[in-house]
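Structure first, then comments.
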Amino acid sequence: MIELYTWSTPNGQKASIMLEELGLPYRVHPIDIGKDHQFHPDFLAIAPNNKIPAIIDTDNGLRLMESGAILLYLAEKTGMLWPQDFPTKWRVVEWLMWQMGGAGPFLGQVHHFVKFNPGKSAYAEERYTKEARRLWGVPAVRHEAACASGGAAFAHAVAAVAAGIHDLVLVVGVEKMTSQPTARVAEILAGAGDMSGEGRVGATFPALFAMIARRHMYQYGTTREHLAAVAVKNHANGAKNPQAHMRKVITMEQALAGKPISEPLTVYDCSLISDGAAAVMLAPLDRASEFTSKPIRILGIAQTSDHVALDEKDDITAFRAVRAAGEKAYKMAGVGPNDIQFAELHDCFTIAEIIAAEDLGFVKKGEGGPYALAGCTSLTGARPINASGGLKAKGHPVGATGVAQLCDVSQQIRGEAEERQLVRHSIGLAQNLGGSGATAVVTILGAA
Ligand SMILES: N[C@@H](CCC(=O)N[C@@H](CS)C(=O)NCC(=O)O)C(=O)O
């Protein structure tokens, strides 16, 4: 157990985020620095420099102050977030020291001299503000496209690098969802849909995708077994993925007997409410080797849009935006569906994976269900889909999902997917969906 002595400031948050990220059990002891509790002898015995954060590790009695030392200690204790290869480990230390000795103190001093210094000092204000502006002087932007936010951010970053506007771009997807109850999360997510119509009558995404599934069943004979086959396969893959949210194998019987959520969808047809983050770095190909010995090439990418509300679409058994993005991405890459060896598809619901496989031309319209049931999309099938476990088992932290899919495809291309490593892995596709088909991003990746 880690005893954490802290307060809600940026240095305190560093320690809390690290403990959460590592999943270590910890207990918080608030030290109200606004009331000078940091000078109390009990706290000084733990942190002689009278600053939060500080920790005591009850496993060995070790006490530690300084946020940087705490991060390094926890990383080494768990072996997590602590690269084993020598140069990468020192790259981590380099940037940690930069935060501790550069960005952190300078931003703290700006805050102090500009907001709190009662005497005012033009010299200090200018000195620290100038340095802070230099540190902050990189462009940063947030993208919002519901569950396709990560993919949309990536698509725009690719355009900026390709246009020569930026050389290096970091695309980060992040979402924290589990602090809210399921009903509240469903309500918040519904806000990304058609609130004036669907949302107003209480139709959250499970209800919308249930209607899509019903219609697909009616038009093409898709069955509950077809949907369940997707769930069983993605759970099996997720169980092999150390980064998956849910690592639980389920049987066909379990999937078919799942608790109803919105008929015909059961709990096993719905993706997870997850916390998660993912990042990818973009560089022109001639600079990529500065950062990795295994660069990944973007062969094709497209982002498209469609109506938000289901009733405005002429066919709800297909996502027009996915079809259009797929066609454009194939054209850019100079390949067709048959060249795609594996894919990460946006299985927010099992029916969405089936429809995406059809929209992207992996199978004819209406054949996505039988294709999954026949095992063609399993790790050893003809075209593996969601080898990561997909949104169903790996998890669906919405803003992170589109970026995480690209990480999963890259991992396969690099041959680093361990137990999930596919035999054919030189060209893969990621498909990210926003809302009930309002936004789609399709990316085709290959080895550089
Ligand atoms: N270098 C230290 C700085 C810690 C620090 O400045 N803590 C502040 C809060 S963010 C504090 O405890 N201030 C109380 C004080 O200065 O009396 C670290 O990273 O842990």
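Identifiers in the structure tokens: chain A, B, ... in order shown; residue index from 1 per chain; ligand index from 1 in order shown.
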Please identify the residues whose atoms come within 9 Å of ligand 1, using only C-alpha atoms and all ligand atoms, and report them as a VMD selection string.
chain A and resid 6 to 15 31 to 34 36 to 39 49 to 54 65 to 70 99 to 101 104 to 105 108
Write out as a ChimeraX atom specification all residues of range 159-201 of chain A that DSSP puts in strand (DSSP E) for this structure's backbone.
/A:169-175
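Each of A:Glu198, A:Glu263, A:Asp167, A:Glu187 was compared to Glu312 in chain A using only C-alpha atoms, and A:Glu198 turns out to be the nearest.
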Would you kindly return, as a ChimeraX atom specification, each protein, DNA or RNA residue with an atom no farther than 9 Å from any atom of Lys176 in chain A, considering only C-alpha atoms and excluding same-chain residues fewer than 2 positions away?
/A:174,178-179,274-277,397-398
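What separates CA of Arg224 in chain A from CA of Phe319 in chain A is a distance of 20.6 Å.
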For Lys294 in chain A, work out the shell of residues within 10 Å, counting only C-alpha atoms and skipping chain neighbours fewer than 5 positions away, then give it as a PyMOL selection string.
chain A and resi 288-289+410+413-415+447-448
Selection: 10 Å around Ser271 in chain A, only C-alpha atoms, excl. self and same-chain fewer than 2 positions, as a ChimeraX atom specification
/A:206,231,267-269,273-274,346-350,390-397
So which residues touch Leu282 in chain A within 12 Å, counting only C-alpha atoms, skipping near sequence neighbours fewer than 3 positions away, as a compact mmCIF listing (two decimals) with N, CA and C atoms, in the first residue's frame?
```txt
# COMPACT_ATOMS: atom_id res chain seq x y z
N ALA A 153 -8.50 13.47 -35.53
CA ALA A 153 -7.27 14.20 -35.16
C ALA A 153 -6.10 13.67 -35.99
N PHE A 154 -6.05 12.36 -36.14
CA PHE A 154 -4.96 11.74 -36.92
C PHE A 154 -5.04 12.18 -38.38
N ALA A 155 -6.24 12.16 -38.96
CA ALA A 155 -6.40 12.54 -40.37
C ALA A 155 -5.91 13.97 -40.60
N HIS A 156 -6.23 14.87 -39.67
CA HIS A 156 -5.78 16.26 -39.83
C HIS A 156 -4.27 16.39 -39.64
N ALA A 157 -3.73 15.60 -38.73
CA ALA A 157 -2.28 15.64 -38.51
C ALA A 157 -1.55 15.13 -39.75
N VAL A 158 -2.08 14.08 -40.36
CA VAL A 158 -1.46 13.54 -41.58
C VAL A 158 -1.45 14.61 -42.67
N ALA A 159 -2.58 15.32 -42.81
CA ALA A 159 -2.66 16.36 -43.84
C ALA A 159 -1.62 17.45 -43.58
N ALA A 160 -1.43 17.81 -42.31
CA ALA A 160 -0.48 18.89 -41.98
C ALA A 160 0.95 18.46 -42.29
N VAL A 161 1.29 17.21 -41.99
CA VAL A 161 2.65 16.74 -42.26
C VAL A 161 2.85 16.60 -43.77
N ALA A 162 1.84 16.03 -44.45
CA ALA A 162 1.95 15.83 -45.90
C ALA A 162 2.08 17.18 -46.62
N GLY A 164 3.55 19.69 -45.49
CA GLY A 164 4.81 20.34 -45.10
C GLY A 164 4.61 21.48 -44.12
N HIS A 166 3.76 21.10 -40.82
CA HIS A 166 4.49 20.66 -39.61
C HIS A 166 5.34 19.46 -39.98
N ASP A 167 6.46 19.30 -39.29
CA ASP A 167 7.26 18.10 -39.55
C ASP A 167 6.95 17.00 -38.53
N LEU A 168 6.87 17.34 -37.25
CA LEU A 168 6.59 16.32 -36.24
C LEU A 168 5.27 16.65 -35.56
N VAL A 169 4.36 15.68 -35.51
CA VAL A 169 3.07 15.91 -34.84
C VAL A 169 2.79 14.72 -33.93
N LEU A 170 2.42 15.03 -32.70
CA LEU A 170 2.03 13.99 -31.75
C LEU A 170 0.50 13.98 -31.68
N VAL A 171 -0.10 12.84 -31.95
CA VAL A 171 -1.56 12.72 -31.88
C VAL A 171 -1.90 11.90 -30.64
N VAL A 172 -2.62 12.50 -29.73
CA VAL A 172 -2.92 11.84 -28.45
C VAL A 172 -4.44 11.67 -28.33
N ALA A 279 -1.24 7.13 -28.17
CA ALA A 279 -0.58 8.21 -28.90
C ALA A 279 0.21 7.66 -30.07
N LEU A 285 8.68 10.68 -43.91
CA LEU A 285 9.43 9.41 -43.96
C LEU A 285 10.93 9.62 -43.82
N ASP A 286 11.45 10.72 -44.39
CA ASP A 286 12.90 10.91 -44.31
C ASP A 286 13.38 11.27 -42.91
N ARG A 287 12.47 11.57 -41.99
CA ARG A 287 12.87 11.84 -40.60
C ARG A 287 12.49 10.72 -39.65
N ALA A 288 11.65 9.79 -40.13
CA ALA A 288 11.10 8.77 -39.23
C ALA A 288 12.20 7.92 -38.58
N SER A 289 13.28 7.67 -39.33
CA SER A 289 14.33 6.79 -38.79
C SER A 289 15.07 7.43 -37.61
N GLU A 290 14.86 8.75 -37.39
CA GLU A 290 15.46 9.38 -36.21
C GLU A 290 14.78 8.88 -34.93
N PHE A 291 13.57 8.37 -35.08
CA PHE A 291 12.78 8.03 -33.90
C PHE A 291 12.52 6.54 -33.74
N THR A 292 12.59 5.78 -34.83
CA THR A 292 12.30 4.35 -34.73
C THR A 292 13.03 3.58 -35.83
N PRO A 295 9.67 2.17 -38.87
CA PRO A 295 8.60 3.13 -39.19
C PRO A 295 7.44 2.47 -39.92
N ILE A 296 6.29 3.07 -39.76
CA ILE A 296 5.07 2.59 -40.43
C ILE A 296 4.69 3.63 -41.47
N ARG A 297 4.28 3.17 -42.65
CA ARG A 297 3.93 4.11 -43.71
C ARG A 297 2.40 4.23 -43.82
N ILE A 298 1.93 5.46 -43.97
CA ILE A 298 0.49 5.66 -44.20
C ILE A 298 0.27 5.54 -45.70
N VAL A 403 -7.08 6.37 -32.17
CA VAL A 403 -5.62 6.37 -32.11
C VAL A 403 -5.13 4.98 -31.70
N LEU A 406 -4.83 2.53 -34.50
CA LEU A 406 -3.62 2.70 -35.32
C LEU A 406 -2.41 2.08 -34.62
```
DSSP on the backbone: which residues in range 26-104 of chain A end up as helix (DSSP H, G or I)? Give the answer as an MDAnalysis selection string.
chainID A and resid 33:35 37:39 41:44 67:78 86:104
Report the closest atom pair, with its distance in Å rounded to one decimal, for each residue of range 163-276 of chain A that has an atom no farther than 12 Å from range 351-369 of chain A; count only C-alpha atoms, sort by chain and then rising residue number, and write it as JSON lines.
```
{"residue": "A:Phe205", "atom": "CA", "partner": "A:Ala352", "partner_atom": "CA", "distance": 11.6}
{"residue": "A:Pro206", "atom": "CA", "partner": "A:Ile351", "partner_atom": "CA", "distance": 10.9}
{"residue": "A:Leu208", "atom": "CA", "partner": "A:Ile351", "partner_atom": "CA", "distance": 11.2}
{"residue": "A:Phe209", "atom": "CA", "partner": "A:Ile351", "partner_atom": "CA", "distance": 7.4}
{"residue": "A:Ala210", "atom": "CA", "partner": "A:Ile351", "partner_atom": "CA", "distance": 8.4}
{"residue": "A:Met211", "atom": "CA", "partner": "A:Ile351", "partner_atom": "CA", "distance": 10.3}
{"residue": "A:Ile212", "atom": "CA", "partner": "A:Ile351", "partner_atom": "CA", "distance": 7.7}
{"residue": "A:Ala213", "atom": "CA", "partner": "A:Ile351", "partner_atom": "CA", "distance": 5.8}
{"residue": "A:Arg214", "atom": "CA", "partner": "A:Ile351", "partner_atom": "CA", "distance": 9.5}
{"residue": "A:Arg215", "atom": "CA", "partner": "A:Ile351", "partner_atom": "CA", "distance": 10.6}
{"residue": "A:His216", "atom": "CA", "partner": "A:Gly366", "partner_atom": "CA", "distance": 7.5}
{"residue": "A:Met217", "atom": "CA", "partner": "A:Gly366", "partner_atom": "CA", "distance": 8.9}
{"residue": "A:Tyr218", "atom": "CA", "partner": "A:Gly366", "partner_atom": "CA", "distance": 10.4}
{"residue": "A:Gln219", "atom": "CA", "partner": "A:Gly366", "partner_atom": "CA", "distance": 7.9}
{"residue": "A:Tyr220", "atom": "CA", "partner": "A:Gly366", "partner_atom": "CA", "distance": 5.0}
{"residue": "A:Gly221", "atom": "CA", "partner": "A:Gly366", "partner_atom": "CA", "distance": 7.8}
{"residue": "A:Thr222", "atom": "CA", "partner": "A:Gly369", "partner_atom": "CA", "distance": 5.9}
{"residue": "A:Thr223", "atom": "CA", "partner": "A:Gly369", "partner_atom": "CA", "distance": 7.5}
{"residue": "A:Arg224", "atom": "CA", "partner": "A:Gly369", "partner_atom": "CA", "distance": 9.2}
{"residue": "A:Glu225", "atom": "CA", "partner": "A:Gly369", "partner_atom": "CA", "distance": 8.3}
{"residue": "A:His226", "atom": "CA", "partner": "A:Gly369", "partner_atom": "CA", "distance": 4.6}
{"residue": "A:Leu227", "atom": "CA", "partner": "A:Ile351", "partner_atom": "CA", "distance": 6.2}
{"residue": "A:Ala228", "atom": "CA", "partner": "A:Gly369", "partner_atom": "CA", "distance": 9.4}
{"residue": "A:Ala229", "atom": "CA", "partner": "A:Gly369", "partner_atom": "CA", "distance": 8.1}
{"residue": "A:Val230", "atom": "CA", "partner": "A:Glu353", "partner_atom": "CA", "distance": 7.7}
{"residue": "A:Ala231", "atom": "CA", "partner": "A:Ile351", "partner_atom": "CA", "distance": 9.8}
{"residue": "A:Lys233", "atom": "CA", "partner": "A:Glu353", "partner_atom": "CA", "distance": 11.6}
{"residue": "A:Asn234", "atom": "CA", "partner": "A:Glu353", "partner_atom": "CA", "distance": 10.4}
{"residue": "A:Pro264", "atom": "CA", "partner": "A:Ile351", "partner_atom": "CA", "distance": 10.2}
{"residue": "A:Leu265", "atom": "CA", "partner": "A:Ile351", "partner_atom": "CA", "distance": 8.8}
{"residue": "A:Thr266", "atom": "CA", "partner": "A:Ile351", "partner_atom": "CA", "distance": 11.5}
{"residue": "A:Tyr268", "atom": "CA", "partner": "A:Ile351", "partner_atom": "CA", "distance": 11.3}
{"residue": "A:Asp269", "atom": "CA", "partner": "A:Ile351", "partner_atom": "CA", "distance": 7.7}
{"residue": "A:Cys270", "atom": "CA", "partner": "A:Ile351", "partner_atom": "CA", "distance": 9.4}
{"residue": "A:Ser271", "atom": "CA", "partner": "A:Ala352", "partner_atom": "CA", "distance": 10.5}
```
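The protein and nucleic acid residues lying at most 8 Å from Ile250 in chain A are A:Val232, A:His235, A:Ala236, with only C-alpha atoms considered and sequence neighbours fewer than 6 positions away removed.
Closest approach to Leu433 in chain A among A:Pro83, A:Gly399, A:Pro25, A:Gly334 is made by A:Gly399 (distances from only C-alpha atoms).
Comparing the minimum interatomic distances between Lys313 in chain A and each of A:Asn241, A:Ser293, A:Ser436, A:Thr251, counting only C-alpha atoms, we find that A:Ser436 sits nearest.
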Considering only C-alpha atoms, can you say which of A:Gly381, A:Pro284, A:Gly389, A:Gly151 comes closest to Arg247 in chain A?
A:Gly389
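One finds CA of Trp90 in chain A at 25.2 Å from CA of Gly137 in chain A.
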Using only C-alpha atoms, which residue out of A:Gln421, A:Asp194, A:Met246, A:Ala255 lies closest to Asp311 in chain A?
A:Asp194
